[in-house]
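Note sheet for the following structure.
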Amino acid sequence: MKRITLSPLKYKNTVQIGISFNYDDEIRLHLKELPEIKWSKTHKTFYIPFTTKNKQLVYNHLRLKNWFVDYDALKTIKQAPAETYHIKLPSLSEYQKKDIFKFKKWLQQKRLSTNTVNSYVEVASFFIRYTILKKHN
């Protein structure tokens, strides 16, 4: 039985799935049937971008020929979370602060709990600050 190993590979500043095997023309030609598969001269291995979809695609494609696919090295790899960025929200004007205070008083008169009032006021002020930001952009 032929053995193929899938492992994480850092190539072109991204994580790829490296596909390693002892040279075999049948495996090489079978891998080339997948259009996403590329050859790395640097690492002397086939590779494909690391995604769950691609991992399943390669695994299922190789299992069609009933070859053993070792993917243990991929189990510990986690994809990096998407890059986060922070938005600097503008401050509220005096008029808006008065409106928020009126809103707070109204909520308190409804006899809502202190935590609920504080949450609603905070969300409302964030929303107003966000709309101000969007008007300027």
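Starting from 1 in every chain, residues are counted up; chains themselves are A, B, ... following the order of the structure tokens, and ligands are numbered from 1 as listed.
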
### Query
Can you list, as JSON, numbers by chain, every protein, DNA or RNA residue that comes within 12 Å of Leu34 of chain A when you count only C-alpha atoms, leaving out same-chain residues fewer than 5 positions away?
{"A": [27, 28, 29, 39, 46, 47, 48, 54, 57, 58, 59, 60, 61, 62]}

#### Entry: Long-range neighbours of Arg63 of chain A as a list of chain:residue names, 12 Å cut-off, only C-alpha atoms, 4 positions minimum in chain
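Everything that qualifies: A:Met1, A:Lys2, A:Arg3, A:Ile4, A:Ile27, A:His30, A:Leu31, A:Gln56, A:Leu57, A:Val58, A:Tyr59, A:Trp67, A:Phe68, A:Val69, A:Asp70.
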
Create the file for the chosen residues now, containing N, CA and C atoms and written as a tab-separated table (two decimals), in the first residue's frame.
```
chain	number	residue	atom	x	y	z
A	1	MET	N	0.86	-1.18	0.00
A	1	MET	CA	0.00	0.00	0.00
A	1	MET	C	0.90	1.24	0.00
A	2	LYS	N	0.54	2.19	-0.83
A	2	LYS	CA	1.32	3.42	-0.94
A	2	LYS	C	0.95	4.37	0.20
A	3	ARG	N	1.95	5.10	0.71
A	3	ARG	CA	1.77	5.99	1.86
A	3	ARG	C	2.06	7.43	1.45
A	4	ILE	N	1.10	8.32	1.74
A	4	ILE	CA	1.24	9.75	1.45
A	4	ILE	C	1.07	10.48	2.77
A	27	ILE	N	1.25	8.27	-8.28
A	27	ILE	CA	0.79	9.26	-7.30
A	27	ILE	C	0.93	10.67	-7.86
A	30	HIS	N	-1.72	11.34	-10.41
A	30	HIS	CA	-3.03	11.42	-9.75
A	30	HIS	C	-3.19	12.78	-9.05
A	31	LEU	N	-2.13	13.26	-8.41
A	31	LEU	CA	-2.18	14.57	-7.74
A	31	LEU	C	-2.37	15.70	-8.74
A	56	GLN	N	-9.87	18.19	2.94
A	56	GLN	CA	-10.82	17.13	2.59
A	56	GLN	C	-10.68	16.72	1.13
A	57	LEU	N	-10.49	17.71	0.27
A	57	LEU	CA	-10.35	17.44	-1.16
A	57	LEU	C	-9.16	16.52	-1.44
A	58	VAL	N	-8.01	16.85	-0.88
A	58	VAL	CA	-6.80	16.05	-1.11
A	58	VAL	C	-6.97	14.65	-0.51
A	59	TYR	N	-7.47	14.60	0.72
A	59	TYR	CA	-7.66	13.31	1.38
A	59	TYR	C	-8.57	12.40	0.56
A	67	TRP	N	-5.08	4.54	-1.19
A	67	TRP	CA	-3.75	4.74	-0.63
A	67	TRP	C	-3.89	5.20	0.81
A	68	PHE	N	-2.87	4.91	1.63
A	68	PHE	CA	-2.87	5.35	3.02
A	68	PHE	C	-2.43	6.81	3.08
A	69	VAL	N	-3.28	7.64	3.71
A	69	VAL	CA	-2.98	9.07	3.83
A	69	VAL	C	-2.79	9.39	5.31
A	70	ASP	N	-1.56	9.79	5.66
A	70	ASP	CA	-1.23	10.14	7.05
A	70	ASP	C	-1.37	11.66	7.20
```

### Summary
In terms of only C-alpha atoms, the residue from A:Thr51, A:Leu107, A:Thr84, A:Gly18 at minimal distance from Ser119 of chain A is A:Leu107

### Query
Pick from A:Lys12, A:Lys97, A:Lys135, A:Lys44: nearest to Val121 of chain A, with only C-alpha atoms counted?
A:Lys97

### Task
Could you give me, as an MDAnalysis selection string, each residue of segment 5-137 of chain A that DSSP assigns to helix (DSSP H, G or I) when run on this structure's backbone?
chainID A and resid 25:31 52:63 72:75 94:109 114:136

### Message
Just want the 9 Å neighbourhood of Pro90 of chain A, counted on only C-alpha atoms, with same-chain residues fewer than 6 positions away dropped. Output as a ChimeraX atom specification.
### Response
/A:129-130,132-133

Residues as selected, N, CA and C atoms, written as a short mmCIF file (atom, residue, chain, number, x, y, z; two decimals), in the first residue's frame, can you do that?
```
data_model
loop_
_atom_site.label_atom_id
_atom_site.label_comp_id
_atom_site.auth_asym_id
_atom_site.auth_seq_id
_atom_site.Cartn_x
_atom_site.Cartn_y
_atom_site.Cartn_z
N ARG A 129 -22.23 56.83 18.29
CA ARG A 129 -20.85 57.18 17.94
C ARG A 129 -20.46 56.54 16.60
N TYR A 130 -20.93 55.32 16.36
CA TYR A 130 -20.62 54.64 15.11
C TYR A 130 -21.29 55.35 13.92
N ILE A 132 -22.02 58.48 13.73
CA ILE A 132 -21.27 59.72 13.52
C ILE A 132 -20.04 59.42 12.66
N LEU A 133 -19.34 58.34 13.01
CA LEU A 133 -18.15 57.95 12.24
C LEU A 133 -18.50 57.69 10.78
#
```

### Task
Using only C-alpha atoms, pick whichever of A:His43, A:Leu89, A:Lys65, A:Asn22 has the shortest atom-to-atom distance to Thr131 of chain A.
A:Leu89
